[in-house]
Amino acid sequence: MRLALALLLALVATAPAAYAAEEGGDFDAVHHTADGNYLDFLPFFKVELPRLFLIREADGSLGLAAFGSSTAAVASGRIAVEAHGAGHGDEAHPEGEGHAATGEHADEGQEGGAVQDVAEESLAELQEVPEAPAPYDSHLVATNGAEIVVDFSPTRHLLFALAGMFILCLLFLPMAGKYKKGIGRETAPRGVLQNMLETLVVYIRDEVARPNLGDKTGKYLPYLLTVFFFILTCNLLGLVPFGATATSNISITAVLAIATFIVTQFAGTKDYWGHIFNPPGVPAFVKPILIPVEFLGIFTKPFALAIRLFANLTAGHLVILNLIGIIFIITETFGTGAGIGTAIPATLMVLFVYGLEVLVAFIQAYVFTILSALFIGMATAEHEHDHDHSEDHGLTHHDLAVAGANGQTPHKLHERTVGTEVAMTA
Amino acid sequence: MDPLALGYIAAGLGAGLVALGAGLGIGRLASSALEGSARQPEAAGDIRTTMIIAAALIEGVALFGLVVCILMALRAPVGA
């Protein structure tokens with residue numbers, strides 16, 4: 001048994017090296033974190049995902065074409081791998097027209113194309129003739145005068161987002177059933193799972209939602225909890241072996257941000273719109289400057305949400321892959337001995353960054369949720385412009401919310417001890 | 001000098017400057033927050049929440065800059 005384990009470990013340890021050697025030492029970090037049409041079980045195998053295209057035939061009719069895999073699609077003869085050189089210069093050629101018409105998927109394709117272009121061109125500079133890329137790695141085009149209008153193919157990131165949803169249902173539906181029966185409401189929560197998740201749910205309710213949303217917490221809490229747990233699950237799925245991070249795909253983070261955007265706009269009160277289009281207490285000559293800024297602010301907030309989540313999750317994985325890549329670069333340049341010497345500190349660094357990634361997975365889920373709560377809270381807040389009584393007494397929204405929840409009159413939770421340091425030094 | 005090379009240098013320098021700015025900003029934020037919660041430990045919870053929000057906003061601006069750099073590096077017409 002122990003021997004078998006040792007053999008397995010040896011296999012796992014040597015296989016990536018063998019793979020890298022086979023590829024001629026290429027280590028394409030960007031490609032690994034990018035979206036793709038296969039599930040990555042390297043060094044063992046790859047599972048190709050089905051492809052689904054909306055194709056406009058040569059005679060102008062539209063039709064759906066489904067294939068079991070990219071390889072099958074190419075084998076069928078209706079789809080071909082785009083020839084080298086033809087796809088280059090997406091920007092220069094008006095070839096982008098077809099892309100522009102296809103919307104979101106076109107962007108993905110273009111981005112992937114740009115990354116691939118860079119990789120291919122740098123290879124060409126090194127005078128290395130790359131082998132023809134596998135069908136799942138390359139840009140596919142339709143043959144016989146037909147044209148791919150939309151690529152509906154499910155990708156790795158989509159599958160992992162669905163896996164995240166499935167896991168959430170698996171965890172939370174039984175838990176919801178328990179609460180319906182009264183376990184956790186009338187009695188203490190039972191079982192490890194319920195205790196663990198209730199801690200998180202209560203934390204989000206009391207520390208994230210309530211300070212920002214006040215008495216409207218109940219209305220928006222389900223959305224915030226859903227977003228928090230979905231992002232957390234997707235982030236953590238990316239840290240599992242063979243996993244992919246769905247949240248490192250700009251499309252998925254954009255959809256999440258758009259959800260927050262829509263909720264915020266529908267939550268908006270008269271005050272919210274008033275502050276944007278007719279800011280009170282502002283001199284008339286400032287308004288022409290302020291109103292466009294405020295108006296843009298509506299859109300930059302969710303945009304920042306999407307970019308933040310995307311960049312944080314992508315950057316972490318790239319750092320890990322680059323640290324592993326250093327080992328191979330050093331081996332190529334200085335020989336095997338130096339490579340082994342580099343491997344030890346590099347592996348330790350990777351472990352450290354991996355630990356950091358776990359932290360980032362939680363922090364980014366938390367940040368997305370708290371910022372969503374903040375934006376919704378800002379939209380729902382009803383201001384009193386003359387004077388805010390609660391502020392006068394040094395009460396925060398948190399104090400008011402806690403007091404409201406406990407059915408007491410508000411009182412100061414935290415003694416504001418201004419001037420303590422003077423007393424201490426005296 | 002090849003103008004394209006200058007473009008790549010710009011992207012790299014930009015990324016470095018973005019990291020510098022964000023690091024300075026978040027560093028100052030964290031130092032002030034630590035100081036605040038050391039002076040008044042009862043307010044540590046409130047300060048932490050506010051700090052994370054502010055850090056996220058600083059980070060957001062930094063990431064905007066980073067995205068511009070990435071676009072500059074990736075969208076440059078390679079070998080043109």
# chains A, B, ... in the order shown; residues from 1 in each chain; ligands from 1
$ closest_atom_pairs --of "chain B" --to "chain A" --cutoff "10 Å" --atoms "only C-alpha atoms" --output "tab-separated table"
residue	atom	partner	partner_atom	distance
B:Arg39	CA	A:Glu421	CA	7.5
B:Gln40	CA	A:Thr417	CA	7.8
B:Glu42	CA	A:His414	CA	6.4
B:Ala43	CA	A:His414	CA	6.9
B:Gly45	CA	A:Glu207	CA	9.3
B:Asp46	CA	A:His398	CA	9.2
B:Thr49	CA	A:Glu207	CA	8.5
B:Ile52	CA	A:Val367	CA	7.4
B:Ile53	CA	A:Leu371	CA	7.0
B:Ala55	CA	A:Val367	CA	9.6
B:Ala56	CA	A:Val367	CA	7.0
B:Leu57	CA	A:Ala304	CA	8.3
B:Glu59	CA	A:Arg308	CA	7.5
B:Gly60	CA	A:Ala304	CA	5.6
B:Val61	CA	A:Ala304	CA	7.8
B:Ala62	CA	A:Arg308	CA	9.3
B:Leu63	CA	A:Arg308	CA	6.6
B:Phe64	CA	A:Ile307	CA	7.6
B:Leu66	CA	A:Ala311	CA	8.9
B:Val67	CA	A:Ile307	CA	8.4
B:Leu71	CA	A:Glu111	CA	9.8
B:Ala73	CA	A:Val118	CA	9.5
B:Leu74	CA	A:Ala114	CA	6.5
B:Arg75	CA	A:Ala114	CA	6.6
B:Ala76	CA	A:Val118	CA	9.0
B:Pro77	CA	A:Gly89	CA	6.8
B:Val78	CA	A:Val118	CA	6.4
B:Gly79	CA	A:Glu121	CA	7.1
B:Ala80	CA	A:Gly89	CA	8.6
$ select_by_dssp --residues "region 129-276 of chain A" --states "alpha helix (DSSP H)" --output "PyMOL selection string"
chain A and resi 156-181+192-203+210-213+217-237+250-267+270-276
$ residues_around --residues "region 191-200 of chain A" --least-positions-apart "6" --cutoff "10 Å" --atoms "only C-alpha atoms" --output "PDB file with N, CA and C atoms, in the first residue's frame"
ATOM      1  N   LEU A 171     -25.645  22.074  -0.575  1.00  0.00           N
ATOM      2  CA  LEU A 171     -25.366  22.460   0.812  1.00  0.00           C
ATOM      3  C   LEU A 171     -26.571  23.117   1.455  1.00  0.00           C
ATOM      4  N   PHE A 172     -27.234  24.009   0.689  1.00  0.00           N
ATOM      5  CA  PHE A 172     -28.179  24.905   1.348  1.00  0.00           C
ATOM      6  C   PHE A 172     -29.624  24.435   1.300  1.00  0.00           C
ATOM      7  N   PRO A 174     -30.861  21.282   1.806  1.00  0.00           N
ATOM      8  CA  PRO A 174     -31.169  20.505   3.012  1.00  0.00           C
ATOM      9  C   PRO A 174     -31.200  21.374   4.261  1.00  0.00           C
ATOM     10  N   MET A 175     -30.311  22.397   4.277  1.00  0.00           N
ATOM     11  CA  MET A 175     -30.258  23.277   5.438  1.00  0.00           C
ATOM     12  C   MET A 175     -31.539  24.098   5.549  1.00  0.00           C
ATOM     13  N   ALA A 176     -32.027  24.562   4.406  1.00  0.00           N
ATOM     14  CA  ALA A 176     -33.282  25.317   4.414  1.00  0.00           C
ATOM     15  C   ALA A 176     -34.411  24.441   4.929  1.00  0.00           C
ATOM     16  N   LYS A 178     -34.153  22.065   7.049  1.00  0.00           N
ATOM     17  CA  LYS A 178     -34.004  21.945   8.508  1.00  0.00           C
ATOM     18  C   LYS A 178     -34.645  23.134   9.210  1.00  0.00           C
ATOM     19  N   TYR A 179     -34.402  24.343   8.669  1.00  0.00           N
ATOM     20  CA  TYR A 179     -34.964  25.528   9.320  1.00  0.00           C
ATOM     21  C   TYR A 179     -36.478  25.526   9.221  1.00  0.00           C
ATOM     22  N   ILE A 183     -35.580  23.219  13.253  1.00  0.00           N
ATOM     23  CA  ILE A 183     -34.239  23.015  13.817  1.00  0.00           C
ATOM     24  C   ILE A 183     -33.426  24.265  13.518  1.00  0.00           C
ATOM     25  N   GLY A 184     -32.883  24.864  14.559  1.00  0.00           N
ATOM     26  CA  GLY A 184     -32.101  26.068  14.343  1.00  0.00           C
ATOM     27  C   GLY A 184     -32.903  27.320  14.648  1.00  0.00           C
ATOM     28  N   ASP A 206     -25.215  40.281  10.120  1.00  0.00           N
ATOM     29  CA  ASP A 206     -24.992  41.268  11.179  1.00  0.00           C
ATOM     30  C   ASP A 206     -23.864  42.236  10.880  1.00  0.00           C
ATOM     31  N   LEU A 225     -26.460  37.114   0.345  1.00  0.00           N
ATOM     32  CA  LEU A 225     -25.993  35.782   0.733  1.00  0.00           C
ATOM     33  C   LEU A 225     -25.698  34.938  -0.492  1.00  0.00           C
ATOM     34  N   PHE A 228     -22.471  36.139  -2.060  1.00  0.00           N
ATOM     35  CA  PHE A 228     -21.312  35.792  -1.236  1.00  0.00           C
ATOM     36  C   PHE A 228     -20.955  34.320  -1.390  1.00  0.00           C
ATOM     37  N   PHE A 229     -21.933  33.455  -1.238  1.00  0.00           N
ATOM     38  CA  PHE A 229     -21.609  32.033  -1.251  1.00  0.00           C
ATOM     39  C   PHE A 229     -21.263  31.553  -2.650  1.00  0.00           C
TER      40      PHE A 229
END
$ select_by_dssp --residues "region 95-331 of chain A" --states "strand (DSSP E or B)" --output "VMD selection string"
chain A and resid 140 to 142 147 to 151
$ atom_distance --atom1 "CA of Leu24 (chain B)" --atom2 "CA of Met51 (chain B)"
14.5 Å
$ atom_distance --atom1 "CA of Gly68 (chain A)" --atom2 "CA of Asn37 (chain A)"
11.4 Å
$ atom_distance --atom1 "CA of Leu34 (chain B)" --atom2 "CA of Ala22 (chain B)"
17.9 Å
$ residues_around --residues "Met72 (chain B)" --least-positions-apart "4" --cutoff "8 Å" --atoms "only C-alpha atoms" --output "JSON, numbers by chain"
{"B": [7, 8, 11, 68, 76]}
$ residues_around --residues "Ala361 (chain A)" --least-positions-apart "2" --cutoff "10 Å" --atoms "only C-alpha atoms" --output "PDB file with N, CA and C atoms, in the first residue's frame"
ATOM      1  N   ILE A 231     -19.713  33.361  -5.038  1.00  0.00           N
ATOM      2  CA  ILE A 231     -18.346  33.796  -5.334  1.00  0.00           C
ATOM      3  C   ILE A 231     -17.351  32.977  -4.526  1.00  0.00           C
ATOM      4  N   LEU A 232     -17.677  32.753  -3.264  1.00  0.00           N
ATOM      5  CA  LEU A 232     -16.758  31.983  -2.402  1.00  0.00           C
ATOM      6  C   LEU A 232     -16.559  30.577  -2.962  1.00  0.00           C
ATOM      7  N   THR A 233     -17.663  29.929  -3.354  1.00  0.00           N
ATOM      8  CA  THR A 233     -17.551  28.567  -3.872  1.00  0.00           C
ATOM      9  C   THR A 233     -16.743  28.547  -5.161  1.00  0.00           C
ATOM     10  N   CYS A 234     -17.006  29.497  -6.058  1.00  0.00           N
ATOM     11  CA  CYS A 234     -16.269  29.534  -7.320  1.00  0.00           C
ATOM     12  C   CYS A 234     -14.788  29.784  -7.074  1.00  0.00           C
ATOM     13  N   ASN A 235     -14.481  30.698  -6.151  1.00  0.00           N
ATOM     14  CA  ASN A 235     -13.083  30.990  -5.838  1.00  0.00           C
ATOM     15  C   ASN A 235     -12.384  29.745  -5.317  1.00  0.00           C
ATOM     16  N   LEU A 236     -13.062  29.038  -4.407  1.00  0.00           N
ATOM     17  CA  LEU A 236     -12.419  27.880  -3.792  1.00  0.00           C
ATOM     18  C   LEU A 236     -12.308  26.724  -4.779  1.00  0.00           C
ATOM     19  N   LEU A 237     -13.265  26.622  -5.710  1.00  0.00           N
ATOM     20  CA  LEU A 237     -13.184  25.558  -6.728  1.00  0.00           C
ATOM     21  C   LEU A 237     -11.931  25.725  -7.577  1.00  0.00           C
ATOM     22  N   GLY A 238     -11.465  26.958  -7.729  1.00  0.00           N
ATOM     23  CA  GLY A 238     -10.253  27.188  -8.515  1.00  0.00           C
ATOM     24  C   GLY A 238      -9.002  26.724  -7.814  1.00  0.00           C
ATOM     25  N   LEU A 239      -9.093  26.474  -6.511  1.00  0.00           N
ATOM     26  CA  LEU A 239      -7.909  26.054  -5.764  1.00  0.00           C
ATOM     27  C   LEU A 239      -7.851  24.549  -5.596  1.00  0.00           C
ATOM     28  N   THR A 247     -14.674  32.596 -11.449  1.00  0.00           N
ATOM     29  CA  THR A 247     -14.668  34.037 -11.189  1.00  0.00           C
ATOM     30  C   THR A 247     -13.451  34.726 -11.791  1.00  0.00           C
ATOM     31  N   LEU A 309     -12.886  41.727  -8.937  1.00  0.00           N
ATOM     32  CA  LEU A 309     -12.980  40.289  -8.705  1.00  0.00           C
ATOM     33  C   LEU A 309     -12.173  39.531  -9.755  1.00  0.00           C
ATOM     34  N   ASN A 312      -8.255  40.119  -9.320  1.00  0.00           N
ATOM     35  CA  ASN A 312      -7.690  39.470  -8.135  1.00  0.00           C
ATOM     36  C   ASN A 312      -7.556  37.981  -8.320  1.00  0.00           C
ATOM     37  N   LEU A 313      -8.583  37.364  -8.885  1.00  0.00           N
ATOM     38  CA  LEU A 313      -8.549  35.914  -9.028  1.00  0.00           C
ATOM     39  C   LEU A 313      -7.582  35.493 -10.121  1.00  0.00           C
ATOM     40  N   GLY A 316      -3.715  36.026  -8.929  1.00  0.00           N
ATOM     41  CA  GLY A 316      -3.195  35.025  -7.999  1.00  0.00           C
ATOM     42  C   GLY A 316      -2.733  33.775  -8.718  1.00  0.00           C
ATOM     43  N   GLY A 355      -1.572  29.766   0.005  1.00  0.00           N
ATOM     44  CA  GLY A 355      -2.237  30.149   1.253  1.00  0.00           C
ATOM     45  C   GLY A 355      -2.875  31.524   1.133  1.00  0.00           C
ATOM     46  N   LEU A 356      -2.138  32.433   0.481  1.00  0.00           N
ATOM     47  CA  LEU A 356      -2.638  33.784   0.257  1.00  0.00           C
ATOM     48  C   LEU A 356      -3.904  33.752  -0.600  1.00  0.00           C
ATOM     49  N   GLU A 357      -3.892  32.829  -1.576  1.00  0.00           N
ATOM     50  CA  GLU A 357      -5.037  32.694  -2.480  1.00  0.00           C
ATOM     51  C   GLU A 357      -6.293  32.282  -1.722  1.00  0.00           C
ATOM     52  N   VAL A 358      -6.119  31.375  -0.748  1.00  0.00           N
ATOM     53  CA  VAL A 358      -7.274  30.966   0.061  1.00  0.00           C
ATOM     54  C   VAL A 358      -7.838  32.185   0.781  1.00  0.00           C
ATOM     55  N   LEU A 359      -6.917  33.001   1.318  1.00  0.00           N
ATOM     56  CA  LEU A 359      -7.324  34.225   1.999  1.00  0.00           C
ATOM     57  C   LEU A 359      -8.052  35.152   1.029  1.00  0.00           C
ATOM     58  N   ILE A 363     -11.634  36.994   1.092  1.00  0.00           N
ATOM     59  CA  ILE A 363     -11.673  38.459   1.150  1.00  0.00           C
ATOM     60  C   ILE A 363     -12.436  39.022  -0.040  1.00  0.00           C
ATOM     61  N   GLN A 364     -12.199  38.468  -1.228  1.00  0.00           N
ATOM     62  CA  GLN A 364     -12.860  39.027  -2.403  1.00  0.00           C
ATOM     63  C   GLN A 364     -14.360  38.764  -2.382  1.00  0.00           C
ATOM     64  N   ALA A 365     -14.750  37.579  -1.896  1.00  0.00           N
ATOM     65  CA  ALA A 365     -16.181  37.314  -1.756  1.00  0.00           C
ATOM     66  C   ALA A 365     -16.790  38.313  -0.771  1.00  0.00           C
ATOM     67  N   TYR A 366     -16.076  38.552   0.333  1.00  0.00           N
ATOM     68  CA  TYR A 366     -16.531  39.493   1.354  1.00  0.00           C
ATOM     69  C   TYR A 366     -16.608  40.907   0.787  1.00  0.00           C
TER      70      TYR A 366
END
